[in-house]
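Listing of protein35.txt; format and content: compact mmCIF, C-alpha atoms and all ligand atoms.
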```
# COMPACT_ATOMS: atom_id res chain seq x y z
CA MET S 1 79.17 78.27 75.78
CA ILE S 2 77.95 81.24 77.81
CA LYS S 3 79.90 82.14 80.93
CA VAL S 4 77.64 83.52 83.68
CA SER S 5 78.85 85.87 86.45
CA ASP S 6 77.27 88.43 88.78
CA VAL S 7 78.88 91.57 87.35
CA ILE S 8 80.56 92.34 84.02
CA VAL S 9 82.69 95.47 83.86
CA ILE S 10 83.78 96.74 80.43
CA GLY S 11 86.91 98.89 80.74
CA ALA S 12 89.93 98.41 83.00
CA GLY S 13 90.72 102.07 83.63
CA ALA S 14 90.47 103.85 86.98
CA ALA S 15 86.66 103.73 87.04
CA GLY S 16 86.28 100.11 85.88
CA MET S 17 88.90 98.78 88.28
CA MET S 18 87.39 100.65 91.25
CA ALA S 19 83.90 99.39 90.33
CA ALA S 20 85.20 95.82 90.04
CA ILE S 21 86.95 96.05 93.43
CA ALA S 22 83.73 97.32 95.06
CA ALA S 23 81.74 94.47 93.48
CA GLY S 24 84.40 91.90 94.42
CA LYS S 25 84.40 93.12 98.04
CA ARG S 26 80.65 92.46 98.15
CA GLY S 27 81.31 88.87 97.13
CA ARG S 28 80.06 89.29 93.54
CA ARG S 29 81.69 87.12 90.85
CA THR S 30 83.11 89.89 88.70
CA VAL S 31 84.69 89.83 85.25
CA VAL S 32 86.51 92.85 83.76
CA LEU S 33 86.97 93.06 79.98
CA ASP S 34 89.25 95.47 78.13
CA HIS S 35 90.33 95.60 74.51
CA ALA S 36 93.72 97.02 75.49
CA ARG S 37 96.58 94.73 76.49
CA THR S 38 97.59 97.01 79.40
CA PRO S 39 95.08 98.16 82.04
CA GLY S 40 95.10 101.66 83.53
CA GLU S 41 97.09 103.33 80.77
CA LYS S 42 95.68 106.80 81.51
CA ILE S 43 96.57 106.40 85.18
CA ARG S 44 100.13 105.63 84.11
CA ILE S 45 100.50 108.98 82.33
CA SER S 46 98.49 110.96 84.90
CA GLY S 47 100.01 113.72 87.00
CA GLY S 48 103.14 113.84 84.85
CA GLY S 49 103.77 110.14 85.65
CA ARG S 50 103.23 110.58 89.41
CA CYS S 51 99.40 110.46 89.45
CA ASN S 52 97.62 113.25 91.32
CA PHE S 53 95.55 110.43 92.86
CA THR S 54 93.19 112.56 94.95
CA ASN S 55 92.71 115.96 96.52
CA ARG S 56 92.23 116.20 100.28
CA ASP S 57 89.47 118.78 99.84
CA ALA S 58 87.63 117.31 96.84
CA GLY S 59 83.91 117.97 97.11
CA PRO S 60 80.81 118.40 94.94
CA SER S 61 81.59 122.06 94.18
CA ASN S 62 84.75 120.97 92.35
CA TYR S 63 82.78 119.11 89.68
CA TYR S 64 81.25 120.52 86.53
CA SER S 65 78.10 118.74 85.44
CA ALA S 66 74.78 119.36 83.75
CA ASN S 67 73.43 117.82 86.98
CA PRO S 68 75.50 119.23 89.88
CA HIS S 69 73.85 116.78 92.32
CA PHE S 70 75.12 113.76 90.39
CA CYS S 71 78.44 113.43 92.20
CA LYS S 72 77.14 114.08 95.73
CA SER S 73 76.23 110.55 96.81
CA ALA S 74 79.39 109.03 95.31
CA LEU S 75 81.59 111.55 97.10
CA ALA S 76 79.71 111.08 100.37
CA ARG S 77 80.10 107.29 100.25
CA TYR S 78 83.75 107.20 99.19
CA THR S 79 85.87 110.13 100.32
CA PRO S 80 89.40 111.26 99.38
CA GLN S 81 90.45 109.99 102.84
CA ASP S 82 89.14 106.49 101.97
CA PHE S 83 91.36 106.42 98.88
CA LEU S 84 94.32 107.75 100.85
CA LYS S 85 93.88 104.90 103.37
CA LEU S 86 94.01 102.41 100.49
CA VAL S 87 97.18 104.01 99.11
CA GLU S 88 98.82 103.87 102.54
CA ALA S 89 97.74 100.26 103.10
CA HIS S 90 99.73 99.41 99.96
CA GLY S 91 102.79 101.23 101.27
CA ILE S 92 102.77 103.80 98.46
CA ALA S 93 104.73 106.89 99.47
CA TRP S 94 102.98 110.18 98.66
CA HIS S 95 103.27 113.92 99.14
CA GLU S 96 101.00 116.92 99.08
CA LYS S 97 101.88 119.46 96.41
CA THR S 98 99.64 122.52 96.60
CA LEU S 99 95.97 123.12 97.38
CA GLY S 100 95.48 119.59 98.76
CA GLN S 101 96.74 117.78 95.63
CA LEU S 102 98.21 114.38 96.57
CA PHE S 103 100.82 112.73 94.31
CA CYS S 104 102.88 109.53 94.45
CA ASP S 105 106.51 110.11 95.45
CA GLY S 106 107.49 107.41 92.98
CA SER S 107 105.45 106.45 89.95
CA ALA S 108 101.81 106.40 88.86
CA LYS S 109 102.45 102.74 87.99
CA GLU S 110 102.22 102.04 91.74
CA ILE S 111 98.55 103.11 91.66
CA VAL S 112 97.88 100.77 88.71
CA ALA S 113 99.65 97.93 90.57
CA MET S 114 97.58 98.67 93.70
CA LEU S 115 94.30 98.46 91.77
CA LEU S 116 95.36 95.22 90.06
CA ALA S 117 96.37 93.75 93.44
CA GLU S 118 93.02 94.76 94.98
CA MET S 119 91.17 93.16 92.06
CA ALA S 120 93.14 89.95 92.43
CA ALA S 121 92.56 89.93 96.22
CA THR S 122 88.81 90.19 95.73
CA GLY S 123 88.74 87.43 93.10
CA VAL S 124 88.03 89.69 90.11
CA GLU S 125 88.87 88.10 86.73
CA LEU S 126 90.60 90.42 84.27
CA HIS S 127 90.53 89.67 80.53
CA LYS S 128 92.76 91.90 78.42
CA GLY S 129 92.88 92.22 74.63
CA VAL S 130 89.21 91.28 74.30
CA GLU S 131 87.10 92.83 71.56
CA ILE S 132 83.52 93.65 72.55
CA VAL S 133 81.29 92.76 69.62
CA GLY S 134 77.94 93.75 71.15
CA VAL S 135 75.78 94.11 74.25
CA GLU S 136 72.15 93.06 74.50
CA ARG S 137 69.51 92.52 77.14
CA VAL S 138 68.37 88.90 77.42
CA GLY S 139 65.63 88.51 80.05
CA GLU S 140 67.08 89.57 83.41
CA HIS S 141 70.66 89.49 82.12
CA TYR S 142 73.00 91.52 79.93
CA ARG S 143 74.75 89.43 77.31
CA VAL S 144 78.14 90.66 76.15
CA THR S 145 79.40 89.11 72.94
CA THR S 146 83.19 89.19 72.73
CA SER S 147 86.05 87.87 70.63
CA GLU S 148 86.54 85.28 73.42
CA GLY S 149 82.92 84.10 73.60
CA ASN S 150 79.73 85.23 75.33
CA LEU S 151 79.27 86.37 78.92
CA GLU S 152 76.08 87.07 80.85
CA ALA S 153 75.38 88.82 84.13
CA PRO S 154 72.49 90.65 85.78
CA ALA S 155 74.71 93.73 86.28
CA LEU S 156 76.80 95.47 83.63
CA VAL S 157 79.15 98.38 84.28
CA VAL S 158 80.29 100.30 81.20
CA ALA S 159 83.46 102.14 82.25
CA THR S 160 85.15 102.71 78.92
CA GLY S 161 86.01 106.33 79.70
CA GLY S 162 85.88 109.44 77.55
CA LYS S 163 87.04 109.91 73.99
CA SER S 164 90.38 111.59 74.64
CA ILE S 165 93.62 109.94 73.49
CA PRO S 166 92.32 107.19 71.15
CA LYS S 167 95.84 105.82 70.74
CA MET S 168 95.61 104.76 74.41
CA GLY S 169 92.45 102.74 73.73
CA ALA S 170 89.77 105.46 74.14
CA THR S 171 86.60 104.98 72.09
CA GLY S 172 83.06 106.33 72.02
CA PHE S 173 81.82 102.87 73.07
CA ALA S 174 79.98 104.03 76.23
CA TYR S 175 78.06 106.69 74.27
CA ARG S 176 76.96 104.12 71.69
CA ILE S 177 75.78 101.72 74.43
CA ALA S 178 73.92 104.52 76.22
CA GLU S 179 72.11 105.39 72.99
CA GLN S 180 71.35 101.72 72.34
CA PHE S 181 69.62 101.49 75.74
CA GLY S 182 67.75 104.78 75.30
CA LEU S 183 69.78 106.82 77.81
CA ARG S 184 70.03 110.54 77.19
CA VAL S 185 73.56 111.58 76.26
CA THR S 186 74.70 115.18 76.79
CA GLU S 187 76.82 116.97 74.21
CA THR S 188 80.45 115.83 74.39
CA ARG S 189 83.39 118.13 73.80
CA PRO S 190 86.99 118.44 74.99
CA ALA S 191 86.94 120.05 78.46
CA LEU S 192 90.63 120.55 79.21
CA VAL S 193 91.73 122.76 76.35
CA PRO S 194 93.60 126.04 75.92
CA PHE S 195 91.33 129.05 76.19
CA THR S 196 91.42 131.95 73.77
CA LEU S 197 90.43 135.54 74.61
CA GLU S 198 90.20 138.89 72.88
CA ARG S 199 92.78 141.46 73.95
CA GLY S 200 91.74 143.11 77.24
CA CYS S 201 89.22 140.40 78.13
CA PHE S 202 91.40 138.55 80.60
CA PRO S 203 91.52 141.15 83.39
CA SER S 204 87.75 141.76 83.20
CA PHE S 205 87.11 138.00 82.99
CA ARG S 206 89.12 137.42 86.15
CA SER S 207 87.49 140.26 88.09
CA SER S 208 83.91 139.44 87.00
CA PRO S 209 81.61 138.86 90.03
CA ASP S 210 80.32 135.71 88.27
CA PHE S 211 83.78 134.23 87.97
CA PRO S 212 83.94 131.30 90.44
CA ALA S 213 85.83 132.28 93.57
CA ARG S 214 87.85 129.08 93.55
CA TRP S 215 89.39 129.99 90.17
CA LYS S 216 90.10 133.50 91.34
CA SER S 217 92.01 132.23 94.33
CA ALA S 218 93.69 129.25 92.70
CA ALA S 219 94.16 128.82 89.00
CA ALA S 220 93.61 132.39 87.87
CA ARG S 221 96.47 133.65 89.98
CA ARG S 222 98.77 131.07 88.49
CA CYS S 223 98.30 131.46 84.77
CA SER S 224 99.22 134.32 82.57
CA ALA S 225 97.71 135.41 79.31
CA LYS S 226 100.21 135.39 76.48
CA PRO S 227 99.63 137.37 73.30
CA CYS S 228 99.25 135.03 70.30
CA SER S 229 102.26 135.34 68.06
CA SER S 230 102.35 134.26 64.44
CA ARG S 231 104.29 131.20 65.66
CA THR S 232 101.65 130.11 68.25
CA ALA S 233 98.70 131.11 66.07
CA ALA S 234 98.87 128.08 63.82
CA SER S 235 95.15 127.65 63.15
CA PRO S 236 92.72 130.25 61.72
CA ALA S 237 90.84 130.20 65.06
CA ARG S 238 94.01 131.04 66.94
CA ARG S 239 95.04 133.71 64.44
CA SER S 240 91.81 135.59 65.20
CA CYS S 241 92.44 135.54 68.96
CA ARG S 242 94.43 138.07 70.91
CA TYR S 243 95.40 136.06 73.98
CA LEU S 244 95.94 132.37 74.53
CA LEU S 245 95.71 130.86 78.03
CA SER S 246 97.30 127.46 78.17
CA GLY S 247 98.86 125.02 80.62
CA VAL S 248 97.19 122.71 83.13
CA LYS S 249 96.15 125.54 85.46
CA ALA S 250 94.36 127.45 82.70
CA MET S 251 92.63 124.52 81.02
CA PRO S 252 89.55 124.30 83.29
CA PHE S 253 88.73 127.93 82.37
CA GLU S 254 86.98 126.75 79.24
CA SER S 255 84.44 124.81 81.34
CA ALA S 256 84.08 127.65 83.88
CA TRP S 257 83.53 130.12 81.04
CA ARG S 258 80.93 127.92 79.33
CA LEU S 259 78.96 127.51 82.60
CA MET S 260 78.96 131.29 83.14
CA TRP S 261 77.86 131.84 79.53
CA MET S 262 75.08 129.22 79.80
CA SER S 263 73.78 130.67 83.08
CA SER S 264 73.74 134.15 81.48
CA LEU S 265 71.35 132.78 78.82
CA ARG S 266 68.85 131.50 81.41
C1 LIG Q 1 97.82 113.56 80.45
C2 LIG Q 1 96.78 113.28 81.49
C3 LIG Q 1 97.07 113.54 82.82
C4 LIG Q 1 96.10 113.30 83.79
N1 LIG Q 1 96.41 113.51 85.10
C5 LIG Q 1 95.50 113.22 86.06
C6 LIG Q 1 95.85 113.29 87.43
O1 LIG Q 1 96.99 113.58 87.79
N2 LIG Q 1 94.87 113.02 88.35
C7 LIG Q 1 93.61 112.65 87.96
O2 LIG Q 1 92.75 112.40 88.84
N3 LIG Q 1 93.28 112.52 86.67
C8 LIG Q 1 94.20 112.79 85.72
N4 LIG Q 1 93.88 112.64 84.41
C9 LIG Q 1 92.53 112.17 84.08
C10 LIG Q 1 92.44 110.67 84.38
O3 LIG Q 1 93.56 110.03 83.84
C11 LIG Q 1 91.19 110.10 83.77
O4 LIG Q 1 90.07 110.90 84.14
C12 LIG Q 1 90.91 108.68 84.24
O5 LIG Q 1 92.06 107.89 84.08
C13 LIG Q 1 89.76 108.14 83.44
O6 LIG Q 1 89.49 106.85 83.91
P1 LIG Q 1 88.33 106.00 83.27
O7 LIG Q 1 88.36 104.67 83.91
O8 LIG Q 1 87.05 106.76 83.31
O9 LIG Q 1 88.68 105.91 81.72
P2 LIG Q 1 90.01 105.31 80.95
O10 LIG Q 1 91.21 105.43 81.78
O11 LIG Q 1 89.95 105.95 79.62
O12 LIG Q 1 89.68 103.77 80.87
C14 LIG Q 1 88.79 103.25 79.94
C15 LIG Q 1 89.21 101.84 79.61
O13 LIG Q 1 88.24 101.30 78.73
C16 LIG Q 1 88.88 100.65 77.67
N5 LIG Q 1 88.01 100.70 76.48
C17 LIG Q 1 87.65 101.79 75.77
N6 LIG Q 1 86.84 101.44 74.77
C18 LIG Q 1 86.69 100.09 74.84
C19 LIG Q 1 85.98 99.14 74.07
N7 LIG Q 1 85.26 99.50 72.98
N8 LIG Q 1 86.06 97.83 74.42
C20 LIG Q 1 86.80 97.45 75.50
N9 LIG Q 1 87.49 98.30 76.27
C21 LIG Q 1 87.43 99.61 75.94
C22 LIG Q 1 90.20 101.40 77.45
O14 LIG Q 1 91.17 100.56 76.85
C23 LIG Q 1 90.57 101.78 78.89
O15 LIG Q 1 91.38 100.82 79.51
C24 LIG Q 1 94.83 112.83 83.42
C25 LIG Q 1 94.55 112.56 82.09
C26 LIG Q 1 95.50 112.77 81.14
C27 LIG Q 1 95.18 112.44 79.71
```
Before anything else, please render the file you have as structure tokens.
Ligand SMILES: Cc1cc2nc3c(=O)[nH]c(=O)nc-3n(C[C@H](O)[C@H](O)[C@H](O)COP(=O)(O)OP(=O)(O)OC[C@H]3O[C@@H](n4cnc5c(N)ncnc54)[C@H](O)[C@@H]3O)c2cc1C
Amino acid sequence: MIKVSDVIVIGAGAAGMMAAIAAGKRGRRTVVLDHARTPGEKIRISGGGRCNFTNRDAGPSNYYSANPHFCKSALARYTPQDFLKLVEAHGIAWHEKTLGQLFCDGSAKEIVAMLLAEMAATGVELHKGVEIVGVERVGEHYRVTTSEGNLEAPALVVATGGKSIPKMGATGFAYRIAEQFGLRVTETRPALVPFTLERGCFPSFRSSPDFPARWKSAAARRCSAKPCSSRTAASPARRSCRYLLSGVKAMPFESAWRLMWMSSLR
């Protein structure tokens, strides 16, 4: 038997749950499917277990993308203040750390519980531990074949996240589905990684006029370049480097550096 709904969401992470809540609030019959037994696992470990759930000043310039306009409409229609109102409506205590970063006072699990409660309140059905066998277009509907039977809906949201941390359920599912439906997929690579530099590069990197001002004022001030020692230089790539920048504050450098390098080629 085929179960028909208005919206099927694959993935019960932050994105899938928020999408399902938005659909549920519009009165759409919404079903969320996830192969994991526990929803929102990455939220649970986020922000060192306290979830840096938003930033007061988040705006389009904070996002790296091949298409910098992509995030504008989403951010205009749902602001950090909207999410903060939701957090407060659920009585979750929070604090501001630095540079507008907002964290739970207690546990990131409170954010997961809030999203589950919002889904339940809007009548969203959540099916955990479901294997997705395939997705196909059948007339005006998408048909999702699962280990629990077939579902159809005119709207399908694929919110299965990125590839990081496979042991928490991450897969390349979304990329495969995009390819199946002829959508262009950009190159994927780890974005939050330690950054390696030749000796002497770091000071000139930081003072370069192309270096984004926000990194100069924020992250750059807060990370230090450590010479690679034989102990830290475990891999051949690391052995050839002179300095290794690591830690949360330094990790976005890799993306900033790549954007500067790409724009220098244009
Ligand atoms: C250590 C760490 C700390 C972080 N800290 C923060 C922070 O403080 N603040 C912040 O904003 N962000 C933080 N992030 C990033 C944030 O956690 C993620 O960007 C966000 O949770 C991603 O949500 P998502 O819904 O896109 O994907 P995911 O959370 O990855 O959700 C995808 C869901 O899809 C399911 N799925 C995958 N493949 C399939 C499949 N084939 N079939 C069915 N289901 C599938 C998965 O089981 C999962 O439940 C952190 C990340 C990490 C790893």
Legend entry - Residue with smallest distance to Gly172 in chain S - pool S:Val130, S:Ala159, S:Leu84, S:Ala108, counting all atoms listed in the file: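 Between S:Val130, S:Ala159, S:Leu84, S:Ala108, the residue approaching Gly172 in chain S most closely is S:Ala159.
Compared by their closest atoms to Ala93 in chain S, and using all atoms listed in the file, the residues S:Val157, S:His127, S:Arg50, S:Tyr63 rank with S:Arg50 nearest.
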Legend entry - Using only C-alpha atoms and all ligand atoms: which of S:Arg184, S:Arg258, S:Arg29, S:His35 has the shortest distance to ligand LIG 1 (chain Q): S:His35
How big is the axis-aligned box, and where does its centre sit, when it encloses all atoms of ligand LIG 1 (chain Q) listed in the file and has 5 Å added on every side, reported in Å to one decimal as AutoDock Vina command-line options?
```
--center_x 91.5 --center_y 105.5 --center_z 80.9 --size_x 22.6 --size_y 26.1 --size_z 25.9
```
Inset, instruction - May I ask you to write as a PyMOL selection string all residues lying at most 7 Å from ligand LIG 1 (chain Q), with only C-alpha atoms and all ligand atoms counted? - result: chain S and resi 10-16+33-36+39-43+45-48+51-54+130-132+159-162+165+168-173
Inset, instruction - For Leu151 in chain S, list every protein, DNA or RNA residue within 7 Å, evaluated using only C-alpha atoms, and leave out those in the same chain fewer than 6 positions away; present the list as a list in words. - result: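 Returned residues: Ile2, Lys3, Val4, Arg143, Val144 and Thr145 of chain S.
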Legend entry - Separation of CA of Thr30 in chain S from CA of Leu86 in chain S, in Å and rounded to one decimal: 20.4 Å
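Nearest to Ser61 in chain S of all the residues S:Lys163, S:Gln180, S:Ala256, S:Gln101 is S:Ala256, based on all atoms listed in the file.
Once Glu140 in chain S and its same-chain neighbours fewer than 6 positions away are set aside, S:Asp6, S:Glu152, S:Ala153, S:Pro154, S:Ala155, S:Leu156 remain within 12 Å of it when counting all atoms listed in the file.
Nearest residue to Lys109 in chain S, choosing from S:Arg44, S:His69, S:Arg26, S:Arg56 and counting only C-alpha atoms: S:Arg44.
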Inset, instruction - Work out how far apart CA of Ser255 in chain S and CA of Ala191 in chain S are and give it in Å to one decimal. - result: 6.1 Å
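Closest approach to His95 in chain S among S:Thr122, S:Ser5, S:Asn55, S:Ser65 is made by S:Asn55 (distances from all atoms listed in the file).
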Inset, instruction - Take CA of Gly27 in chain S and CA of Ala178 in chain S and report the distance between them in Å, one decimal. - result: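 Computed distance, CA of Gly27 in chain S to CA of Ala178 in chain S, equals 27.1 Å.
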Legend entry - Shell of 10 Å around Glu118 in chain S, only C-alpha atoms, local chain residues under 4 positions omitted, as an NGL selection string: :S and (17-18 or 20-22 or 24-25 or 86 or 90 or 112-114 or 122-124)
Writing out the chosen residues with C-alpha atoms as a CSV table (one decimal), in the frame of the given file:
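result_22.csv, freshly written:
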```csv
chain,number,residue,atom,x,y,z
S,17,MET,CA,88.9,98.8,88.3
S,18,MET,CA,87.4,100.6,91.2
S,20,ALA,CA,85.2,95.8,90.0
S,21,ILE,CA,87.0,96.0,93.4
S,22,ALA,CA,83.7,97.3,95.1
S,24,GLY,CA,84.4,91.9,94.4
S,25,LYS,CA,84.4,93.1,98.0
S,86,LEU,CA,94.0,102.4,100.5
S,90,HIS,CA,99.7,99.4,100.0
S,112,VAL,CA,97.9,100.8,88.7
S,113,ALA,CA,99.6,97.9,90.6
S,114,MET,CA,97.6,98.7,93.7
S,122,THR,CA,88.8,90.2,95.7
S,123,GLY,CA,88.7,87.4,93.1
S,124,VAL,CA,88.0,89.7,90.1
```
